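Below is entry.cif, which holds mmCIF, C-alpha atoms.
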```cif
data_coords
#
loop_
_atom_site.label_atom_id
_atom_site.label_comp_id
_atom_site.auth_asym_id
_atom_site.auth_seq_id
_atom_site.Cartn_x
_atom_site.Cartn_y
_atom_site.Cartn_z
CA MET A 689 119.65 98.23 77.99
CA LYS A 690 119.46 100.97 80.61
CA PRO A 691 122.26 100.71 83.21
CA GLY A 692 121.10 98.95 86.34
CA TYR A 693 117.92 97.54 84.78
CA SER A 694 117.27 93.81 84.58
CA ALA A 695 115.59 92.46 81.44
CA PRO A 696 112.16 91.87 83.08
CA ARG A 697 112.24 95.33 84.68
CA LEU A 698 113.23 96.97 81.41
CA ALA A 699 110.41 95.16 79.60
CA TRP A 700 107.92 96.40 82.19
CA TRP A 701 109.31 99.96 81.90
CA ASN A 702 109.10 99.90 78.12
CA ALA A 703 105.54 98.53 78.15
CA TRP A 704 104.27 101.37 80.30
CA ARG A 705 106.33 103.99 78.41
CA GLY A 706 104.39 102.96 75.30
CA ARG A 707 107.34 101.76 73.24
CA ASN A 708 106.77 99.22 70.50
CA LEU A 709 107.98 95.89 71.82
CA SER A 710 108.26 92.96 69.47
CA VAL A 711 106.35 89.78 70.18
CA GLU A 712 109.64 88.11 71.08
CA ASP A 713 110.13 90.65 73.90
CA THR A 714 106.82 89.86 75.54
CA GLU A 715 104.74 86.83 74.71
CA ILE A 716 105.60 83.30 75.77
CA ASP A 717 102.46 81.23 75.26
CA TRP A 718 100.26 83.78 73.44
CA LYS A 719 101.01 82.50 69.93
CA ALA A 720 100.39 78.94 71.12
CA TYR A 721 97.06 80.00 72.67
CA MET A 722 96.01 81.67 69.43
CA ALA A 723 96.99 78.63 67.32
CA GLN A 724 94.99 76.32 69.61
CA VAL A 725 91.94 78.60 69.49
CA GLU A 726 92.25 78.95 65.72
CA GLY A 727 92.05 75.18 65.44
CA VAL A 728 88.66 75.24 67.16
CA ILE A 729 87.50 78.13 64.97
CA ASN A 730 88.46 76.06 61.93
CA GLY A 731 86.20 73.23 63.12
CA THR A 732 88.49 70.90 65.09
CA TYR A 733 86.75 69.75 68.27
CA ASP A 734 88.96 66.76 69.03
CA TYR A 735 91.24 67.93 71.85
CA THR A 736 93.95 65.47 70.85
CA GLN A 737 94.29 67.31 67.52
CA LEU A 738 94.57 70.85 68.94
CA ARG A 739 98.14 72.05 69.27
CA GLY A 740 100.25 75.20 69.39
CA ASP A 741 103.94 76.04 69.21
CA THR A 742 104.51 74.99 72.83
CA GLY A 743 102.52 71.74 72.69
CA PRO A 744 98.97 70.38 72.85
CA LEU A 745 95.95 72.19 74.28
CA VAL A 746 95.80 71.23 77.97
CA TYR A 747 93.22 73.70 79.33
CA PRO A 748 89.43 73.19 79.72
CA ALA A 749 86.81 74.61 77.39
CA GLY A 750 86.31 77.93 79.21
CA PHE A 751 89.84 78.86 78.20
CA VAL A 752 88.96 78.24 74.55
CA TYR A 753 85.90 80.51 74.61
CA ILE A 754 87.58 83.38 76.47
CA PHE A 755 90.71 83.35 74.35
CA MET A 756 88.56 83.01 71.24
CA GLY A 757 87.10 86.38 72.20
CA LEU A 758 90.64 87.74 72.64
CA TYR A 759 91.55 86.24 69.26
CA TYR A 760 88.95 88.38 67.53
CA ALA A 761 89.59 91.45 69.73
CA THR A 762 93.28 91.45 68.79
CA GLY A 763 93.05 91.00 65.04
CA ARG A 764 93.36 87.20 65.10
CA GLY A 765 95.96 87.42 67.84
CA THR A 766 98.34 89.69 65.94
CA ASP A 767 97.80 92.94 67.89
CA ILE A 768 99.92 92.25 70.96
CA ARG A 769 99.63 95.85 72.21
CA MET A 770 95.83 95.57 72.29
CA ALA A 771 96.11 92.27 74.17
CA GLN A 772 98.44 93.92 76.71
CA ASN A 773 95.97 96.77 77.19
CA ILE A 774 93.18 94.27 77.81
CA PHE A 775 95.33 92.44 80.36
CA ALA A 776 96.21 95.75 82.03
CA VAL A 777 92.48 96.30 82.58
CA LEU A 778 92.25 92.72 83.84
CA TYR A 779 95.04 93.50 86.31
CA LEU A 780 93.17 96.54 87.64
CA ALA A 781 89.96 94.49 87.90
CA THR A 782 91.86 91.87 89.90
CA LEU A 783 93.14 94.51 92.32
CA LEU A 784 89.62 95.91 92.74
CA LEU A 785 88.16 92.49 93.53
CA VAL A 786 90.99 91.69 95.95
CA PHE A 787 90.58 95.04 97.72
CA LEU A 788 86.85 94.37 98.10
CA ILE A 789 87.67 91.04 99.78
CA TYR A 790 90.23 92.62 102.11
CA HIS A 791 87.87 95.48 102.96
CA GLN A 792 85.34 93.00 104.32
CA THR A 793 87.89 91.07 106.38
CA CYS A 794 89.51 94.15 108.02
CA LYS A 795 92.63 92.16 108.88
CA VAL A 796 95.45 93.59 106.78
CA PRO A 797 96.98 97.02 107.60
CA PRO A 798 96.64 99.56 104.77
CA PHE A 799 100.38 100.01 104.17
CA VAL A 800 100.59 96.40 102.93
CA PHE A 801 98.50 97.25 99.86
CA PHE A 802 101.32 99.43 98.56
CA PHE A 803 103.51 96.33 98.30
CA MET A 804 100.69 94.37 96.67
CA CYS A 805 100.25 97.01 93.97
CA CYS A 806 103.77 98.22 93.32
CA ALA A 807 106.41 95.79 94.57
CA SER A 808 106.07 92.76 92.29
CA TYR A 809 107.67 93.02 88.86
CA ARG A 810 106.96 89.32 88.34
CA VAL A 811 103.20 89.74 88.77
CA HIS A 812 103.15 92.83 86.53
CA SER A 813 105.01 90.86 83.89
CA ILE A 814 102.67 87.87 84.13
CA PHE A 815 99.62 90.08 83.65
CA VAL A 816 100.62 92.81 81.22
CA LEU A 817 103.54 91.41 79.24
CA ARG A 818 103.30 87.63 79.13
CA LEU A 819 99.53 87.31 78.62
CA PHE A 820 99.18 83.96 80.40
CA ASN A 821 95.78 82.43 81.13
CA ASP A 822 96.51 82.23 84.88
CA PRO A 823 95.38 85.86 85.55
CA VAL A 824 92.10 85.19 83.72
CA ALA A 825 91.38 82.22 85.98
CA MET A 826 92.29 84.17 89.11
CA VAL A 827 90.13 87.21 88.36
CA LEU A 828 87.15 84.86 88.00
CA LEU A 829 88.12 83.16 91.26
CA PHE A 830 88.23 86.48 93.14
CA LEU A 831 84.86 87.39 91.64
CA SER A 832 83.55 84.08 92.94
CA ILE A 833 84.84 84.82 96.46
CA ASN A 834 83.18 88.24 96.42
CA LEU A 835 79.88 86.56 95.52
CA LEU A 836 80.31 84.03 98.34
CA LEU A 837 80.95 86.89 100.77
CA ALA A 838 77.70 88.47 99.57
CA GLN A 839 75.95 85.14 100.34
CA ARG A 840 75.29 84.57 96.65
CA TRP A 841 76.31 80.94 96.88
CA GLY A 842 74.82 79.78 93.59
CA TRP A 843 76.41 82.56 91.56
CA GLY A 844 79.64 82.12 93.51
CA CYS A 845 79.79 78.43 92.60
CA CYS A 846 79.01 79.30 88.98
CA CYS A 847 81.95 81.73 88.79
CA PHE A 848 84.16 79.24 90.62
CA SER A 849 83.40 76.59 88.02
CA LEU A 850 84.02 79.12 85.24
CA ALA A 851 87.44 79.82 86.75
CA VAL A 852 88.19 76.09 86.83
CA SER A 853 87.23 75.92 83.15
CA VAL A 854 90.04 78.36 82.34
CA LYS A 855 92.74 76.59 84.34
CA MET A 856 92.34 73.78 86.81
CA ASN A 857 94.75 75.21 89.40
CA VAL A 858 91.60 76.81 90.86
CA LEU A 859 90.71 73.32 92.11
CA LEU A 860 93.19 73.96 94.94
CA PHE A 861 90.45 76.12 96.47
CA ALA A 862 87.89 73.32 96.08
CA PRO A 863 88.46 71.52 99.42
CA GLY A 864 87.86 74.79 101.26
CA LEU A 865 84.77 75.54 99.19
CA LEU A 866 83.37 72.06 99.85
CA PHE A 867 83.91 72.51 103.59
CA LEU A 868 82.10 75.86 103.52
CA LEU A 869 79.18 74.44 101.54
CA LEU A 870 78.78 71.52 103.95
CA THR A 871 79.04 73.84 106.95
CA GLN A 872 76.42 76.21 105.58
CA PHE A 873 73.98 73.80 103.92
CA GLY A 874 74.73 70.20 104.89
CA PHE A 875 75.11 67.44 102.30
CA ARG A 876 71.68 67.70 100.71
CA GLY A 877 71.75 71.47 100.65
CA ALA A 878 75.22 71.50 99.09
CA LEU A 879 74.26 69.14 96.25
CA PRO A 880 72.51 71.82 94.12
CA LYS A 881 75.57 74.09 94.44
CA LEU A 882 77.90 71.25 93.47
CA GLY A 883 75.50 70.47 90.61
CA ILE A 884 75.98 74.02 89.32
CA CYS A 885 79.75 73.49 89.28
CA ALA A 886 79.51 70.16 87.49
CA GLY A 887 76.73 71.23 85.10
CA LEU A 888 78.66 74.27 83.89
CA GLN A 889 81.72 72.12 83.17
CA VAL A 890 79.60 69.75 81.08
CA ALA A 891 77.85 72.59 79.25
CA LEU A 892 81.10 74.35 78.36
CA GLY A 893 82.83 71.18 77.29
CA LEU A 894 79.87 69.66 75.43
CA PRO A 895 81.11 70.26 71.84
CA PHE A 896 84.41 68.61 72.71
CA LEU A 897 82.83 65.84 74.81
CA LEU A 898 80.59 64.88 71.89
CA GLU A 899 83.59 64.67 69.57
CA ASN A 900 86.07 62.82 71.79
CA PRO A 901 85.14 62.64 75.51
CA VAL A 902 88.24 60.69 76.57
CA GLY A 903 90.51 63.04 74.66
CA TYR A 904 88.90 66.14 76.19
CA LEU A 905 88.98 64.88 79.79
CA SER A 906 92.49 63.43 79.55
CA ARG A 907 93.93 66.63 78.07
CA SER A 908 92.06 69.37 79.93
CA PHE A 909 92.07 67.69 83.37
CA ASP A 910 95.36 65.80 83.24
CA LEU A 911 96.36 65.53 86.90
CA GLY A 912 99.39 63.38 86.09
CA ARG A 913 101.06 65.73 83.60
CA GLN A 914 104.84 65.72 83.89
CA PHE A 915 106.65 69.04 84.47
CA LEU A 916 110.10 69.96 83.21
CA PHE A 917 112.79 70.30 85.87
CA ARG A 918 114.37 73.33 84.22
CA TRP A 919 111.27 75.47 84.89
CA THR A 920 110.68 74.53 88.51
CA VAL A 921 110.78 77.36 91.04
CA ASN A 922 110.21 75.31 94.19
CA TRP A 923 112.23 72.08 93.84
CA ARG A 924 115.53 73.18 92.30
CA PHE A 925 117.53 71.80 95.25
CA LEU A 926 116.43 68.23 94.46
CA PRO A 927 118.15 65.89 92.00
CA GLU A 928 116.23 65.81 88.73
CA ALA A 929 115.70 62.04 89.00
CA LEU A 930 113.93 62.48 92.34
CA PHE A 931 111.91 65.43 91.01
CA LEU A 932 110.58 63.24 88.21
CA HIS A 933 110.04 60.11 90.32
CA ARG A 934 106.46 58.94 90.77
CA ALA A 935 107.05 58.06 94.44
CA PHE A 936 107.95 61.69 95.15
CA HIS A 937 104.72 62.84 93.50
CA LEU A 938 102.68 60.40 95.59
CA ALA A 939 104.44 61.53 98.77
CA LEU A 940 103.54 65.16 98.00
CA LEU A 941 99.92 64.17 97.34
CA ALA A 942 99.77 62.26 100.63
CA ALA A 943 101.25 65.22 102.52
CA HIS A 944 98.79 67.58 100.80
CA LEU A 945 95.75 65.49 101.70
CA THR A 946 96.98 64.87 105.26
CA LEU A 947 97.48 68.56 105.98
CA LEU A 948 94.10 69.42 104.48
CA LEU A 949 92.48 66.81 106.73
CA LEU A 950 94.32 68.14 109.80
CA PHE A 951 93.20 71.70 109.10
CA ALA A 952 89.63 70.54 108.48
CA LEU A 953 89.54 68.54 111.74
CA CYS A 954 91.49 70.84 114.02
CA ARG A 955 91.24 74.35 112.59
CA TRP A 956 88.12 74.71 110.48
CA HIS A 957 85.74 72.34 112.31
CA SER A 958 85.58 73.01 116.05
CA THR A 959 81.98 72.60 117.22
CA GLY A 960 82.78 69.59 119.39
CA GLU A 961 80.77 67.27 117.14
CA SER A 962 82.19 64.76 114.69
CA ILE A 963 83.14 66.24 111.35
CA LEU A 964 80.57 63.88 109.86
CA SER A 965 77.94 66.13 111.43
CA LEU A 966 78.55 68.48 108.50
CA LEU A 967 76.65 65.99 106.35
CA ARG A 968 73.47 66.55 108.36
CA ASP A 969 70.90 69.21 107.73
CA PRO A 970 72.09 72.29 109.68
CA SER A 971 68.83 72.48 111.64
CA LYS A 972 69.38 68.95 113.00
CA ARG A 973 72.88 69.49 114.37
CA LYS A 974 73.55 69.76 118.10
CA VAL A 975 75.21 73.11 117.52
CA PRO A 976 73.23 74.97 114.85
CA PRO A 977 75.65 76.80 112.54
CA GLN A 978 75.84 80.57 112.61
CA PRO A 979 76.14 82.59 109.38
CA LEU A 980 79.67 82.35 108.09
CA THR A 981 81.72 85.49 108.66
CA PRO A 982 83.87 87.01 105.90
CA ASN A 983 87.03 85.90 107.69
CA GLN A 984 85.81 82.32 107.99
CA ILE A 985 85.10 82.18 104.25
CA VAL A 986 88.32 83.88 103.15
CA SER A 987 90.57 82.08 105.64
CA THR A 988 89.26 78.64 104.64
CA LEU A 989 89.58 79.27 100.89
CA PHE A 990 92.98 80.96 101.02
CA THR A 991 94.41 78.32 103.37
CA SER A 992 93.10 75.48 101.20
CA ASN A 993 94.82 76.97 98.16
CA PHE A 994 98.04 77.73 100.04
CA ILE A 995 98.37 74.15 101.32
CA GLY A 996 98.06 72.91 97.74
CA ILE A 997 100.77 75.30 96.56
CA CYS A 998 103.12 74.23 99.36
CA PHE A 999 102.96 70.63 98.13
CA SER A 1000 102.80 71.25 94.38
CA ARG A 1001 104.88 68.92 92.22
CA SER A 1002 106.27 72.00 90.51
CA LEU A 1003 105.67 75.73 90.42
CA HIS A 1004 106.44 77.66 87.25
CA TYR A 1005 106.98 81.40 87.18
CA GLN A 1006 103.48 82.30 85.99
CA PHE A 1007 102.01 80.27 88.87
CA TYR A 1008 102.97 83.09 91.26
CA VAL A 1009 99.58 84.74 90.65
CA TRP A 1010 97.89 81.63 92.07
CA TYR A 1011 98.55 82.97 95.57
CA PHE A 1012 100.36 86.32 95.38
CA HIS A 1013 97.26 88.37 96.26
CA THR A 1014 96.39 86.04 99.15
CA LEU A 1015 99.76 86.26 100.90
CA PRO A 1016 99.07 89.49 102.87
CA TYR A 1017 95.91 87.95 104.32
CA LEU A 1018 97.66 84.70 105.21
CA LEU A 1019 100.43 86.63 106.97
CA TRP A 1020 98.35 89.25 108.79
CA ALA A 1021 95.00 87.55 109.43
CA THR A 1022 96.22 85.56 112.43
CA PRO A 1023 97.95 87.65 115.14
CA ALA A 1024 101.24 86.23 116.37
CA ARG A 1025 103.55 88.11 118.73
CA TRP A 1026 106.64 86.37 117.40
CA LEU A 1027 105.85 87.50 113.84
CA THR A 1028 106.18 91.29 113.81
CA HIS A 1029 105.22 93.55 110.91
CA LEU A 1030 108.88 93.71 109.91
CA LEU A 1031 109.22 89.92 109.87
CA ARG A 1032 106.03 89.56 107.83
CA LEU A 1033 107.36 92.04 105.29
CA LEU A 1034 110.64 90.12 105.25
CA VAL A 1035 108.74 86.92 104.42
CA LEU A 1036 106.91 88.72 101.58
CA GLY A 1037 110.21 90.08 100.30
CA LEU A 1038 111.93 86.70 100.35
CA ILE A 1039 109.02 85.10 98.51
CA GLU A 1040 109.19 87.86 95.90
CA LEU A 1041 112.95 87.41 95.58
CA SER A 1042 112.54 83.66 95.13
CA TRP A 1043 110.06 84.16 92.31
CA ASN A 1044 112.26 86.77 90.65
CA THR A 1045 115.37 84.59 90.63
CA TYR A 1046 115.78 83.27 87.09
CA PRO A 1047 116.78 80.59 86.61
CA SER A 1048 115.88 79.34 90.05
CA THR A 1049 118.64 78.09 92.32
CA ALA A 1050 118.81 75.64 95.19
CA CYS A 1051 118.99 78.63 97.54
CA SER A 1052 115.95 80.42 96.06
CA SER A 1053 113.87 77.23 96.16
CA ALA A 1054 114.89 76.47 99.73
CA SER A 1055 114.11 80.02 100.89
CA LEU A 1056 110.67 79.76 99.25
CA HIS A 1057 109.92 76.60 101.24
CA VAL A 1058 111.15 78.21 104.47
CA CYS A 1059 108.79 81.15 103.92
CA HIS A 1060 105.91 78.78 103.16
CA ALA A 1061 106.69 76.86 106.36
CA VAL A 1062 106.60 80.08 108.41
CA ILE A 1063 103.17 80.94 107.00
CA LEU A 1064 101.86 77.42 107.59
CA LEU A 1065 103.13 77.47 111.16
CA GLN A 1066 101.41 80.77 111.81
CA LEU A 1067 98.14 79.52 110.32
CA TRP A 1068 98.31 76.42 112.52
CA LEU A 1069 99.23 78.19 115.77
CA GLY A 1070 97.05 81.28 115.34
CA PRO A 1071 93.45 81.73 116.54
CA GLN A 1072 90.93 79.46 114.89
CA PRO A 1073 88.71 81.00 112.19
CA PHE A 1074 85.82 78.93 113.64
CA PRO A 1075 86.27 79.50 117.41
CA LYS A 1076 84.73 76.99 119.79
CA SER A 1077 83.87 79.53 122.44
CA THR A 1078 81.68 81.58 120.14
CA GLN A 1079 79.64 78.64 118.97
CA HIS A 1080 79.15 77.09 122.41
CA SER A 1081 78.23 80.39 124.01
CA LYS A 1082 75.57 80.98 121.35
CA LYS A 1083 74.18 77.49 122.02
CA ALA A 1084 74.03 78.12 125.76
CA HIS A 1085 72.31 81.45 125.21
#
```
Target encoding structure tokens, full file:
Amino acid sequence: MKPGYSAPRLAWWNAWRGRNLSVEDTEIDWKAYMAQVEGVINGTYDYTQLRGDTGPLVYPAGFVYIFMGLYYATGRGTDIRMAQNIFAVLYLATLLLVFLIYHQTCKVPPFVFFFMCCASYRVHSIFVLRLFNDPVAMVLLFLSINLLLAQRWGWGCCCFSLAVSVKMNVLLFAPGLLFLLLTQFGFRGALPKLGICAGLQVALGLPFLLENPVGYLSRSFDLGRQFLFRWTVNWRFLPEALFLHRAFHLALLAAHLTLLLLFALCRWHSTGESILSLLRDPSKRKVPPQPLTPNQIVSTLFTSNFIGICFSRSLHYQFYVWYFHTLPYLLWATPARWLTHLLRLLVLGLIELSWNTYPSTACSSASLHVCHAVILLQLWLGPQPFPKSTQHSKKAH
């Protein structure tokens, strides 16, 4: 090992230097993914019978189809270097889609993008070395957001559902998306868009639903799955018994839903009408809605996801990509005098350090929660993405 290089950093260096790394140096779940996909190729459509080295198949059908394509593109999963090259392209596509989002919001100073591109060894490892399915889900999610910003709501919902079909962590964005759909279209107008999301899930999962519907739904959308304490990044300071206790999980769920409701009532919805007015046809509301701005769309979606991450039962190392590319927006989108550029960079640095501490410690987990709390506080105290003054002034005019 080169002096002064940590193992993850050396692996990243070797990957980009073009050296031949063994599978043991890089992949974690790749062989399991390939074994699960191979089971489907061999004719097994019962999700309860599909397994890999690390356990049963627990991802929806979109994952199967996408990684089936990777299975054939990489010589039945044996050409790890080819898979890493494909994921390197996926990483660049993710950056492009994220930059397109940030370009439309005009909130984040340009120097921050240097840190997004170059400062995270963990994210580079997750994409190019470890070959997890999380980056695949997130690139589809960012494509969906770009389509929503272009007012292509149907196609945006289609890509959103496709992202969910790869990994259901994308559902953390769903409360924000639902709020935006109701704001823009009302209940009846939102139903076709929600139908696209549901219909795509049924279409993708149909071969497995016909074989064993209960098995497919219980495995691919298992909301009660238990996580191992040794892999947690965010709750290391808790006793393991409390971490595994069902009451703790329910308390986190209650806190998650409560904070979502508070943001929906006090931050996202501010027309002066009851939030139930969102169910009406937009033309029949007292304050007719204006076209949603890019910042309203992005702020609502990113905040919805971030709240879910703050109250997750456990965060594993590959979950960092769930919100890494959204952190600059969350920190810089709302101006706050008490949070200078230097302090915002410090928060980003501490979050990065927490995710790069392996194994996690009580200190790294606690610092991660402190940083999350700072971001939440700024989002709550900052200017509203749906300002009252703008809407009322338009009505008066």
For Leu850 (chain A), find every residue with an atom within 9 Å (counting all atoms listed in the file), except residues of its own chain fewer than 2 positions away, and show them as a CSV table (one decimal) with C-alpha atoms, in the coordinates of the input.
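Wrote it out as out_4.csv, contents follow:
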```csv
chain,number,residue,atom,x,y,z
A,750,GLY,CA,86.3,77.9,79.2
A,825,ALA,CA,91.4,82.2,86.0
A,828,LEU,CA,87.2,84.9,88.0
A,829,LEU,CA,88.1,83.2,91.3
A,845,CYS,CA,79.8,78.4,92.6
A,846,CYS,CA,79.0,79.3,89.0
A,847,CYS,CA,82.0,81.7,88.8
A,848,PHE,CA,84.2,79.2,90.6
A,852,VAL,CA,88.2,76.1,86.8
A,853,SER,CA,87.2,75.9,83.2
A,854,VAL,CA,90.0,78.4,82.3
A,885,CYS,CA,79.8,73.5,89.3
A,888,LEU,CA,78.7,74.3,83.9
A,889,GLN,CA,81.7,72.1,83.2
A,892,LEU,CA,81.1,74.4,78.4
```
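Run against this file, the PyMOL selection byres ((chain A and resi 867) around 9) gives back A:Ala862, A:Pro863, A:Gly864, A:Leu865, A:Leu866, A:Leu868, A:Leu869, A:Leu870, A:Thr871, A:Gln872, A:Ala952, A:Trp956, A:His957, A:Leu966, A:Thr988.
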Output of the PyMOL selection byres ((chain A and resi 920) around 6), listed as a ChimeraX atom specification: /A:917-919,921-922,1002-1004
Output C-alpha atoms of each residue in that selection to a file, as an mmCIF file, in the coordinates of the input.
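What landed in selection09.cif:
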```cif
data_model
loop_
_atom_site.group_PDB
_atom_site.id
_atom_site.type_symbol
_atom_site.label_atom_id
_atom_site.label_comp_id
_atom_site.auth_asym_id
_atom_site.auth_seq_id
_atom_site.Cartn_x
_atom_site.Cartn_y
_atom_site.Cartn_z
ATOM 1 C CA PHE A 917 112.790 70.300 85.870
ATOM 2 C CA ARG A 918 114.370 73.330 84.220
ATOM 3 C CA TRP A 919 111.270 75.470 84.890
ATOM 4 C CA VAL A 921 110.780 77.360 91.040
ATOM 5 C CA ASN A 922 110.210 75.310 94.190
ATOM 6 C CA SER A 1002 106.270 72.000 90.510
ATOM 7 C CA LEU A 1003 105.670 75.730 90.420
ATOM 8 C CA HIS A 1004 106.440 77.660 87.250
#
```
Local residues around (83.3, 65.7, 76.5), at most 12 Å away, using all atoms listed in the file, as a list in words: Tyr733, Asp734, Tyr735, Pro748, Ala749, Gln889, Val890, Ala891, Leu892, Gly893, Leu894, Pro895, Phe896, Leu897, Leu898, Glu899, Asn900, Pro901, Val902, Gly903, Tyr904, Leu905, Ser906, Arg907, Ser908 and Phe909 of chain A
Expected selection from the PyMOL selection byres ((chain A and resi 940) around 12), given as a PyMOL selection string: chain A and resi 923+931+933-939+941-947+995-1002
Counting all atoms listed in the file, the residue of A:Asn857, A:Asp741, A:Phe875, A:Arg924 that sits nearest Ser965 (chain A):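 Answer, going by the shortest atom-to-atom distance: A:Phe875.
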Selected residue, from A:Pro797, A:Pro982, A:Pro744, A:Gly757, that lies nearest to Pro1016 (chain A) when counting all atoms listed in the file: A:Pro797
Interatomic distance (Å, one decimal) between CA of Thr782 (chain A) and CA of Val827 (chain A): 5.2 Å
Within 10 Å of Gln1066 (chain A) using all atoms listed in the file, minus same-chain residues under 6 positions, as a list in words: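 The contact residues come out as Leu1018, Leu1019, Trp1020, Ala1021, Thr1022, Pro1023, Ala1024, Trp1026, Leu1027 and His1060 of chain A.
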Atomic separation - CA of Ile768 (chain A) relative to CA of Gly731 (chain A), Å: 24.7 Å
Best match for closeness to Leu953 (chain A) among A:Phe873, A:Trp1068, A:Met756, A:Asn821, counting only C-alpha atoms: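 So, comparing all the options, the nearest one is A:Trp1068.
The residue that comes closest to Leu758 (chain A), out of A:Ala781, A:Thr1045, A:Gly912, A:Tyr721 and on the basis of only C-alpha atoms, is A:Tyr721.
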